[in-house]
>>> print(open('protein24.tsv').read())   # TSV, C-alpha atoms
chain	number	residue	atom	x	y	z
A	3	MET	CA	141.46	102.36	93.30
A	4	GLY	CA	139.42	103.73	96.20
A	5	LYS	CA	137.22	101.77	98.55
A	6	LYS	CA	133.77	100.93	97.19
A	7	ASN	CA	130.79	102.68	98.74
A	8	GLN	CA	128.53	100.37	100.73
A	9	LEU	CA	124.91	100.49	99.57
A	10	ASN	CA	122.76	99.63	102.57
A	11	HIS	CA	119.56	101.58	101.88
A	12	LEU	CA	118.22	101.96	98.36
A	13	ALA	CA	115.14	104.09	97.61
A	14	ILE	CA	113.29	103.93	94.30
A	15	ILE	CA	110.58	106.18	92.87
A	16	MET	CA	108.74	103.66	90.69
A	17	ASP	CA	107.59	106.00	87.94
A	18	GLY	CA	106.19	105.35	84.49
A	19	ASN	CA	103.61	102.58	84.87
A	20	GLY	CA	100.95	104.61	83.06
A	21	ARG	CA	103.34	105.63	80.30
A	22	TRP	CA	104.42	102.02	79.88
A	23	ALA	CA	100.79	101.05	79.30
A	24	LYS	CA	100.08	104.01	76.99
A	25	LYS	CA	103.02	103.09	74.73
A	26	ARG	CA	101.40	99.68	74.30
A	27	HIS	CA	97.89	101.13	73.79
A	28	LYS	CA	96.67	99.50	76.99
A	29	PRO	CA	94.74	100.89	80.00
A	30	ARG	CA	96.79	102.43	82.82
A	31	TYR	CA	95.87	99.64	85.23
A	32	VAL	CA	97.77	97.17	83.04
A	33	GLY	CA	100.90	99.25	83.65
A	34	HIS	CA	100.28	99.24	87.40
A	35	LYS	CA	99.83	95.46	87.33
A	36	GLU	CA	103.11	94.96	85.47
A	37	GLY	CA	104.78	97.43	87.82
A	38	MET	CA	103.61	95.30	90.74
A	39	ASN	CA	105.15	92.21	89.14
A	40	ASN	CA	108.44	94.09	88.78
A	41	VAL	CA	108.52	94.81	92.52
A	42	GLU	CA	109.14	91.13	93.16
A	43	ARG	CA	111.91	90.93	90.55
A	44	ILE	CA	113.73	94.02	91.85
A	45	THR	CA	113.27	93.02	95.50
A	46	LEU	CA	114.97	89.67	94.90
A	47	ALA	CA	117.73	91.37	92.89
A	48	ALA	CA	118.32	93.90	95.68
A	49	ASP	CA	118.48	91.09	98.22
A	50	LYS	CA	121.16	89.29	96.16
A	51	LEU	CA	123.17	92.52	96.05
A	52	GLY	CA	123.25	92.64	99.85
A	53	ILE	CA	121.03	95.71	100.24
A	54	LYS	CA	119.61	95.96	103.75
A	55	VAL	CA	116.60	98.28	103.16
A	56	LEU	CA	114.68	98.77	99.91
A	57	THR	CA	112.21	101.67	100.10
A	58	LEU	CA	109.71	101.86	97.23
A	59	TYR	CA	107.48	104.89	96.64
A	60	ALA	CA	104.20	103.13	95.91
A	61	PHE	CA	101.45	105.72	96.58
A	62	SER	CA	101.82	109.35	97.60
A	63	THR	CA	99.45	111.54	99.59
A	64	GLU	CA	98.96	113.49	96.34
A	65	ASN	CA	97.90	110.41	94.37
A	66	TRP	CA	94.38	110.59	95.82
A	67	ALA	CA	93.72	113.31	93.22
A	68	ARG	CA	93.93	110.74	90.41
A	69	PRO	CA	90.73	109.35	88.82
A	70	LYS	CA	88.63	107.35	91.29
A	71	GLU	CA	88.86	104.16	89.24
A	72	GLU	CA	92.66	104.32	89.19
A	73	VAL	CA	92.86	105.05	92.93
A	74	ALA	CA	90.57	102.09	93.64
A	75	TYR	CA	92.82	99.84	91.57
A	76	LEU	CA	95.94	101.12	93.35
A	77	MET	CA	94.32	100.52	96.72
A	78	ASN	CA	93.68	96.90	95.72
A	79	LEU	CA	97.26	96.33	94.53
A	80	PRO	CA	98.64	95.51	98.01
A	81	VAL	CA	95.96	92.82	98.33
A	82	ARG	CA	96.97	91.28	95.00
A	83	PHE	CA	100.69	91.71	95.71
A	84	PHE	CA	100.78	90.07	99.12
A	85	ASP	CA	98.36	87.30	98.14
A	86	LYS	CA	100.62	86.41	95.21
A	87	PHE	CA	104.13	87.06	96.53
A	88	MET	CA	103.97	86.37	100.27
A	89	PRO	CA	105.35	82.80	99.90
A	90	THR	CA	108.33	84.19	97.95
A	91	LEU	CA	108.93	86.90	100.54
A	92	MET	CA	108.81	84.36	103.34
A	93	LYS	CA	111.10	81.95	101.50
A	94	ASN	CA	113.68	84.73	101.06
A	95	ASN	CA	113.43	85.95	104.68
A	96	VAL	CA	112.17	89.39	103.55
A	97	LYS	CA	110.66	91.63	106.23
A	98	VAL	CA	107.84	93.92	105.10
A	99	ASN	CA	107.36	97.44	106.44
A	100	ILE	CA	104.75	99.93	105.29
A	101	MET	CA	105.29	103.61	106.11
A	102	GLY	CA	102.68	106.27	105.55
A	103	TYR	CA	99.33	107.39	106.86
A	104	LEU	CA	97.82	103.92	107.02
A	105	ASP	CA	94.75	104.91	109.04
A	106	GLU	CA	93.49	106.78	105.95
A	107	LEU	CA	93.47	103.62	103.81
A	108	PRO	CA	90.36	101.58	102.95
A	109	LYS	CA	89.82	98.79	105.47
A	110	LYS	CA	90.70	95.98	103.05
A	111	THR	CA	93.99	97.68	102.15
A	112	TYR	CA	94.76	98.49	105.78
A	113	ASP	CA	94.10	94.92	106.88
A	114	ILE	CA	96.38	93.35	104.26
A	115	VAL	CA	99.34	95.64	104.92
A	116	GLN	CA	99.03	95.04	108.65
A	117	ARG	CA	98.90	91.29	108.01
A	118	ALA	CA	101.97	91.45	105.76
A	119	MET	CA	103.95	93.27	108.45
A	120	HIS	CA	102.76	90.86	111.14
A	121	GLU	CA	103.52	87.68	109.16
A	122	THR	CA	107.04	88.82	108.22
A	123	ALA	CA	107.87	90.49	111.56
A	124	ASN	CA	110.36	87.78	112.56
A	125	ASN	CA	112.18	87.70	109.22
A	126	THR	CA	115.74	88.97	109.45
A	127	GLY	CA	116.73	89.60	105.83
A	128	LEU	CA	116.08	92.52	103.48
A	129	ILE	CA	113.54	95.06	104.72
A	130	LEU	CA	111.06	95.77	101.92
A	131	ASN	CA	109.72	99.18	102.92
A	132	PHE	CA	106.73	100.49	100.97
A	133	ALA	CA	105.96	104.20	101.18
A	134	PHE	CA	102.18	104.00	100.83
A	135	ASN	CA	99.95	107.03	101.33
A	136	TYR	CA	103.18	108.83	102.15
A	137	GLY	CA	104.24	112.44	101.71
A	138	SER	CA	107.49	113.81	103.07
A	139	ARG	CA	106.30	117.29	104.03
A	140	LYS	CA	103.39	115.76	105.95
A	141	GLU	CA	105.84	113.35	107.61
A	142	ILE	CA	108.05	116.25	108.75
A	143	VAL	CA	105.01	118.17	110.07
A	144	SER	CA	103.92	115.07	112.01
A	145	ALA	CA	107.38	114.72	113.55
A	146	VAL	CA	107.44	118.39	114.57
A	147	GLN	CA	103.97	118.06	116.10
A	148	LYS	CA	105.08	115.00	118.06
A	149	LEU	CA	108.08	116.87	119.45
A	150	GLY	CA	105.87	119.87	120.25
A	151	GLN	CA	103.51	117.65	122.21
A	152	ALA	CA	106.47	116.28	124.18
A	153	ILE	CA	107.53	119.85	125.03
A	154	GLU	CA	103.99	120.73	126.13
A	155	ALA	CA	103.93	117.63	128.36
A	156	GLY	CA	107.21	118.66	129.97
A	157	GLU	CA	108.99	115.59	128.58
A	158	LEU	CA	111.35	117.53	126.32
A	159	ASN	CA	113.14	120.88	126.24
A	160	SER	CA	113.34	122.73	122.93
A	161	SER	CA	117.12	122.95	123.35
A	162	GLU	CA	117.26	119.14	123.14
A	163	ILE	CA	115.92	119.09	119.60
A	164	ASP	CA	118.67	118.35	117.10
A	165	GLU	CA	119.03	116.58	113.74
A	166	GLU	CA	119.40	113.20	115.41
A	167	LEU	CA	116.16	113.57	117.37
A	168	ILE	CA	114.24	114.70	114.30
A	169	SER	CA	115.61	111.78	112.29
A	170	LYS	CA	114.53	109.34	115.00
A	171	ASN	CA	110.99	110.72	114.88
A	172	LEU	CA	110.58	110.33	111.12
A	173	MET	CA	109.02	107.19	109.66
A	174	THR	CA	112.42	105.77	108.74
A	175	GLY	CA	113.75	106.24	112.28
A	176	LYS	CA	113.18	102.56	113.09
A	177	PHE	CA	115.89	101.59	110.59
A	178	GLU	CA	118.50	103.25	112.83
A	179	GLU	CA	121.86	103.40	111.01
A	180	TYR	CA	120.10	102.56	107.73
A	181	ARG	CA	117.38	105.20	108.00
A	182	ASP	CA	118.79	107.50	105.28
A	183	PRO	CA	119.04	106.14	101.72
A	184	ASP	CA	122.51	105.88	100.25
A	185	LEU	CA	121.07	105.99	96.74
A	186	LEU	CA	117.81	107.16	95.19
A	187	ILE	CA	116.81	105.90	91.75
A	188	ARG	CA	113.91	107.36	89.80
A	189	THR	CA	112.63	105.67	86.67
A	190	SER	CA	110.80	107.03	83.58
A	191	GLY	CA	113.20	109.89	82.84
A	192	GLU	CA	111.69	112.36	85.32
A	193	GLN	CA	114.30	114.19	87.41
A	194	ARG	CA	112.59	115.38	90.57
A	195	ILE	CA	112.05	114.10	94.11
A	196	SER	CA	108.25	114.54	94.27
A	197	ASN	CA	107.88	115.03	98.04
A	198	PHE	CA	109.77	111.82	98.84
A	199	LEU	CA	112.10	111.50	101.85
A	200	LEU	CA	113.08	115.18	101.71
A	201	TRP	CA	114.94	115.11	105.04
A	202	GLN	CA	116.46	111.68	104.57
A	203	LEU	CA	117.84	112.39	101.08
A	204	ALA	CA	120.04	115.28	102.23
A	205	TYR	CA	123.26	113.46	101.32
A	206	SER	CA	121.95	110.62	99.19
A	207	GLU	CA	123.34	109.99	95.74
A	208	LEU	CA	120.76	110.44	92.95
A	209	ALA	CA	120.38	108.43	89.75
A	210	PHE	CA	117.78	108.55	86.98
A	211	SER	CA	116.73	105.92	84.48
A	212	SER	CA	114.95	106.71	81.22
A	213	LYS	CA	113.16	103.34	81.43
A	214	ASN	CA	109.62	103.13	82.73
A	215	TRP	CA	109.35	101.13	85.95
A	216	PRO	CA	107.95	97.89	84.41
A	217	ASP	CA	110.96	97.80	82.04
A	218	PHE	CA	113.56	98.39	84.78
A	219	THR	CA	115.51	95.15	85.16
A	220	ALA	CA	117.81	93.46	87.65
A	221	GLU	CA	120.64	94.20	85.23
A	222	ASP	CA	119.74	97.89	85.30
A	223	LEU	CA	119.81	97.81	89.09
A	224	GLU	CA	123.24	96.18	89.11
A	225	LYS	CA	124.54	98.86	86.75
A	226	PHE	CA	123.30	101.66	89.03
A	227	VAL	CA	124.77	99.93	92.08
A	228	ARG	CA	128.18	99.64	90.39
A	229	ASP	CA	128.04	103.31	89.44
A	230	PHE	CA	127.15	104.23	93.03
A	231	GLN	CA	130.01	102.17	94.42
A	232	SER	CA	132.50	104.11	92.30
A	233	ARG	CA	131.24	107.60	93.18
A	234	ASN	CA	133.24	109.96	95.38
A	235	ARG	CA	130.97	110.71	98.35
A	236	ARG	CA	132.32	113.70	100.29
A	237	PHE	CA	129.30	114.70	102.43
A	238	GLY	CA	130.26	118.37	102.10
A	239	LYS	CA	133.91	117.77	102.97
A	240	LEU	CA	137.04	118.01	100.85
A	241	ASP	CA	139.03	114.98	99.85
A	242	GLU	CA	142.75	114.93	99.18
A	243	SER	CA	142.37	115.68	95.48
A	244	ASP	CA	140.44	118.89	96.28
A	245	SER	CA	142.96	120.33	98.74
>>> encode(input="protein24.tsv", output="structure tokens")
Amino acid sequence: MGKKNQLNHLAIIMDGNGRWAKKRHKPRYVGHKEGMNNVERITLAADKLGIKVLTLYAFSTENWARPKEEVAYLMNLPVRFFDKFMPTLMKNNVKVNIMGYLDELPKKTYDIVQRAMHETANNTGLILNFAFNYGSRKEIVSAVQKLGQAIEAGELNSSEIDEELISKNLMTGKFEEYRDPDLLIRTSGEQRISNFLLWQLAYSELAFSSKNWPDFTAEDLEKFVRDFQSRNRRFGKLDESDS
């Protein structure tokens, strides 16, 4: 039997909160609340599995187009989440990172995510990385603009730009060897990437669950991890059985 793949960075598109609520004839915000509760359960499960970085797609740059009441509720979720779960995160040595266009957030939301990052900055365990007000195309444009400004300032030659430099200038660059997800899971049965980590997912394994996010369990996560560990990852190369 071949060597198991090491899962260091797991990314999840947490889809299906609204559908979960609709199936139960409840308002959409109830689904978002239950989805928030599931973040804690899956974070602790990922930590037990030895995952180094857990990136969760919490709010996209496109989500502002949703009804104002729903957006307002989603903007308040980080406040509720960190007020409720911060002791658990601290107890489990979890380090919080938020990536996205944070300056565009309401002040109350901005303040709480900054506080969460500050209070957990010295933790050395799992990195819980929320993609909040994040869009991958916008992220890539921002990275290109940053490199262009360095060229204009005479700090960089265009010939020095390569994949490594671009990767370092993306929002996941700070995770160094763990900046690209090994596995992406999307819940709710949808099978698309939805403007999430387009550059970073180039060689990631993909998996899809028919369950809505609030129903996705630690046992489901373990099953997907076992499946990932048994996959043959070639990264565009041939292995012995192909030659």
>>> closest_atom_pairs(input="protein24.tsv", of="range 156-198 of chain A", to="range 60-83 of chain A", cutoff="12 Å", atoms="only C-alpha atoms", output="CSV")
residue,atom,partner,partner_atom,distance
A:Ile195,CA,A:Ser62,CA,11.8
A:Ser196,CA,A:Ser62,CA,8.9
A:Asn197,CA,A:Ser62,CA,8.3
A:Phe198,CA,A:Ser62,CA,8.4
>>> residues_near_point(input="protein24.tsv", point="(116.1, 105.1, 92.4)", cutoff="12 Å", atoms="all atoms listed in the file", output="number ranges by chain")
A: 11-17, 44, 48, 56-59, 183-195, 198, 203, 206-215, 218, 222-227, 230
>>> closest_residue(input="protein24.tsv", among="A:Lys93, A:Arg236, A:Lys54, A:Lys110", to="Phe177 in chain A", atoms="all atoms listed in the file")
A:Lys54
>>> closest_residue(input="protein24.tsv", among="A:Glu179, A:Asp85, A:Glu162, A:Glu141", to="Ile114 in chain A", atoms="all atoms listed in the file")
A:Asp85
>>> atom_distance(input="protein24.tsv", atom1="CA of Lys109 in chain A", atom2="CA of Ala123 in chain A")
20.8 Å
>>> closest_residue(input="protein24.tsv", among="A:Asp49, A:Glu36, A:Glu165, A:Glu121", to="Asn94 in chain A", atoms="only C-alpha atoms")
A:Asp49
>>> atom_distance(input="protein24.tsv", atom1="CA of Phe132 in chain A", atom2="CA of Glu221 in chain A")
21.9 Å
>>> residues_around(input="protein24.tsv", residues="Asn124 in chain A", least_positions_apart="6", cutoff="12 Å", atoms="only C-alpha atoms", output="list in words")
Met92, Asn95, Val96, Lys97, Val98, Asn99 and Ala118 of chain A
>>> closest_residue(input="protein24.tsv", among="A:Thr174, A:Ser169, A:Ser160, A:Gln202", to="Ile100 in chain A", atoms="all atoms listed in the file")
A:Thr174
>>> atom_distance(input="protein24.tsv", atom1="CA of Val55 in chain A", atom2="CA of Met119 in chain A")
14.6 Å
>>> decode(input="protein24.tsv", residues="range 87-222 of chain A", atoms="C-alpha atoms", output="mmCIF file, in the first residue's frame")
data_model
loop_
_atom_site.group_PDB
_atom_site.id
_atom_site.type_symbol
_atom_site.label_atom_id
_atom_site.label_comp_id
_atom_site.auth_asym_id
_atom_site.auth_seq_id
_atom_site.Cartn_x
_atom_site.Cartn_y
_atom_site.Cartn_z
ATOM 1 C CA PHE A 87 -16.277 30.396 21.196
ATOM 2 C CA MET A 88 -13.160 32.402 22.061
ATOM 3 C CA PRO A 89 -12.566 30.488 25.350
ATOM 4 C CA THR A 90 -12.709 27.191 23.418
ATOM 5 C CA LEU A 91 -10.334 28.498 20.756
ATOM 6 C CA MET A 92 -7.894 29.681 23.410
ATOM 7 C CA LYS A 93 -8.128 26.406 25.336
ATOM 8 C CA ASN A 94 -7.269 24.474 22.163
ATOM 9 C CA ASN A 95 -4.397 26.788 21.159
ATOM 10 C CA VAL A 96 -6.184 27.787 17.913
ATOM 11 C CA LYS A 97 -4.819 30.814 16.062
ATOM 12 C CA VAL A 98 -7.383 32.926 14.203
ATOM 13 C CA ASN A 99 -6.669 34.600 10.875
ATOM 14 C CA ILE A 100 -9.145 36.557 8.779
ATOM 15 C CA MET A 101 -8.344 37.129 5.103
ATOM 16 C CA GLY A 102 -10.326 39.421 2.873
ATOM 17 C CA TYR A 103 -11.053 43.088 2.362
ATOM 18 C CA LEU A 104 -11.542 43.879 6.028
ATOM 19 C CA ASP A 105 -11.507 47.662 5.627
ATOM 20 C CA GLU A 106 -14.874 47.375 3.860
ATOM 21 C CA LEU A 107 -16.548 45.754 6.883
ATOM 22 C CA PRO A 108 -18.823 47.573 9.348
ATOM 23 C CA LYS A 109 -16.836 48.916 12.305
ATOM 24 C CA LYS A 110 -18.284 46.456 14.824
ATOM 25 C CA THR A 111 -17.391 43.509 12.590
ATOM 26 C CA TYR A 112 -13.946 44.914 11.816
ATOM 27 C CA ASP A 113 -13.191 45.479 15.490
ATOM 28 C CA ILE A 114 -14.135 41.946 16.569
ATOM 29 C CA VAL A 115 -12.111 40.189 13.865
ATOM 30 C CA GLN A 116 -9.087 42.329 14.669
ATOM 31 C CA ARG A 117 -9.520 41.505 18.351
ATOM 32 C CA ALA A 118 -9.809 37.784 17.606
ATOM 33 C CA MET A 119 -6.570 37.842 15.611
ATOM 34 C CA HIS A 120 -4.808 39.878 18.302
ATOM 35 C CA GLU A 121 -5.926 37.688 21.230
ATOM 36 C CA THR A 122 -4.911 34.444 19.501
ATOM 37 C CA ALA A 123 -1.728 35.779 17.868
ATOM 38 C CA ASN A 124 0.569 33.811 20.185
ATOM 39 C CA ASN A 125 -1.296 30.513 19.826
ATOM 40 C CA THR A 126 0.719 27.864 18.015
ATOM 41 C CA GLY A 127 -1.854 25.226 17.077
ATOM 42 C CA LEU A 128 -4.328 24.978 14.203
ATOM 43 C CA ILE A 129 -4.742 28.162 12.153
ATOM 44 C CA LEU A 130 -8.462 28.860 11.735
ATOM 45 C CA ASN A 131 -8.490 31.035 8.629
ATOM 46 C CA PHE A 132 -11.789 32.707 7.731
ATOM 47 C CA ALA A 133 -12.197 34.046 4.195
ATOM 48 C CA PHE A 134 -14.482 36.982 4.988
ATOM 49 C CA ASN A 135 -15.386 39.586 2.374
ATOM 50 C CA TYR A 136 -13.071 37.613 0.124
ATOM 51 C CA GLY A 137 -13.055 37.064 -3.631
ATOM 52 C CA SER A 138 -10.247 35.295 -5.441
ATOM 53 C CA ARG A 139 -10.237 37.350 -8.639
ATOM 54 C CA LYS A 140 -10.074 40.547 -6.586
ATOM 55 C CA GLU A 141 -7.258 39.004 -4.530
ATOM 56 C CA ILE A 142 -5.261 38.229 -7.694
ATOM 57 C CA VAL A 143 -5.846 41.756 -9.040
ATOM 58 C CA SER A 144 -4.628 43.200 -5.728
ATOM 59 C CA ALA A 145 -1.476 41.077 -5.866
ATOM 60 C CA VAL A 146 -0.755 42.153 -9.453
ATOM 61 C CA GLN A 147 -1.284 45.801 -8.507
ATOM 62 C CA LYS A 148 1.117 45.427 -5.577
ATOM 63 C CA LEU A 149 3.793 43.962 -7.842
ATOM 64 C CA GLY A 150 3.148 46.698 -10.418
ATOM 65 C CA GLN A 151 3.676 49.356 -7.766
ATOM 66 C CA ALA A 152 6.974 47.710 -6.797
ATOM 67 C CA ILE A 153 8.079 47.845 -10.451
ATOM 68 C CA GLU A 154 7.093 51.523 -10.704
ATOM 69 C CA ALA A 155 9.101 52.255 -7.548
ATOM 70 C CA GLY A 156 12.149 50.543 -9.008
ATOM 71 C CA GLU A 157 12.069 47.841 -6.330
ATOM 72 C CA LEU A 158 11.304 44.984 -8.722
ATOM 73 C CA ASN A 159 12.025 43.979 -12.309
ATOM 74 C CA SER A 160 9.234 42.350 -14.316
ATOM 75 C CA SER A 161 11.583 39.459 -15.109
ATOM 76 C CA GLU A 162 11.666 38.622 -11.387
ATOM 77 C CA ILE A 163 7.955 37.859 -11.276
ATOM 78 C CA ASP A 164 7.329 34.127 -11.095
ATOM 79 C CA GLU A 165 4.760 31.773 -9.557
ATOM 80 C CA GLU A 166 6.538 31.806 -6.211
ATOM 81 C CA LEU A 167 6.461 35.600 -5.975
ATOM 82 C CA ILE A 168 2.791 35.762 -6.914
ATOM 83 C CA SER A 169 1.950 33.088 -4.338
ATOM 84 C CA LYS A 170 3.794 35.036 -1.640
ATOM 85 C CA ASN A 171 1.749 38.145 -2.436
ATOM 86 C CA LEU A 172 -1.628 36.434 -2.156
ATOM 87 C CA MET A 173 -3.534 36.464 1.126
ATOM 88 C CA THR A 174 -2.453 32.919 1.945
ATOM 89 C CA GLY A 175 1.226 33.754 1.427
ATOM 90 C CA LYS A 176 1.792 34.081 5.176
ATOM 91 C CA PHE A 177 1.152 30.341 5.595
ATOM 92 C CA GLU A 178 4.357 29.620 3.637
ATOM 93 C CA GLU A 179 4.577 25.875 2.876
ATOM 94 C CA TYR A 180 0.910 25.470 3.846
ATOM 95 C CA ARG A 181 -0.427 28.301 1.682
ATOM 96 C CA ASP A 182 -2.096 26.043 -0.925
ATOM 97 C CA PRO A 183 -4.915 23.738 0.224
ATOM 98 C CA ASP A 184 -4.306 20.031 -0.139
ATOM 99 C CA LEU A 185 -8.047 19.387 -0.176
ATOM 100 C CA LEU A 186 -11.146 21.473 -0.873
ATOM 101 C CA ILE A 187 -14.530 20.279 0.377
ATOM 102 C CA ARG A 188 -17.787 21.897 -0.681
ATOM 103 C CA THR A 189 -21.033 21.035 1.052
ATOM 104 C CA SER A 190 -24.685 21.139 -0.133
ATOM 105 C CA GLY A 191 -24.178 19.209 -3.365
ATOM 106 C CA GLU A 192 -22.996 22.164 -5.451
ATOM 107 C CA GLN A 193 -19.938 21.386 -7.577
ATOM 108 C CA ARG A 194 -18.223 24.674 -8.343
ATOM 109 C CA ILE A 195 -15.450 26.797 -6.839
ATOM 110 C CA SER A 196 -17.338 30.122 -6.663
ATOM 111 C CA ASN A 197 -14.367 32.496 -6.923
ATOM 112 C CA PHE A 198 -12.534 30.843 -4.022
ATOM 113 C CA LEU A 199 -8.734 30.437 -3.952
ATOM 114 C CA LEU A 200 -8.508 30.131 -7.740
ATOM 115 C CA TRP A 201 -4.707 30.338 -7.832
ATOM 116 C CA GLN A 202 -4.130 28.278 -4.704
ATOM 117 C CA LEU A 203 -6.396 25.394 -5.781
ATOM 118 C CA ALA A 204 -4.391 24.622 -8.931
ATOM 119 C CA TYR A 205 -3.375 21.166 -7.692
ATOM 120 C CA SER A 206 -5.736 20.684 -4.775
ATOM 121 C CA GLU A 207 -7.893 17.600 -4.518
ATOM 122 C CA LEU A 208 -11.638 18.345 -4.672
ATOM 123 C CA ALA A 209 -14.456 16.650 -2.774
ATOM 124 C CA PHE A 210 -18.182 17.367 -2.596
ATOM 125 C CA SER A 211 -20.732 16.503 0.060
ATOM 126 C CA SER A 212 -24.471 16.382 -0.573
ATOM 127 C CA LYS A 213 -25.075 17.450 3.039
ATOM 128 C CA ASN A 214 -25.843 21.058 3.873
ATOM 129 C CA TRP A 215 -23.159 22.668 6.026
ATOM 130 C CA PRO A 216 -25.041 22.513 9.373
ATOM 131 C CA ASP A 217 -25.450 18.733 8.883
ATOM 132 C CA PHE A 218 -21.786 18.115 8.002
ATOM 133 C CA THR A 219 -20.274 16.176 10.902
ATOM 134 C CA ALA A 220 -16.868 15.313 12.315
ATOM 135 C CA GLU A 221 -17.457 11.783 11.024
ATOM 136 C CA ASP A 222 -18.052 13.153 7.528
#
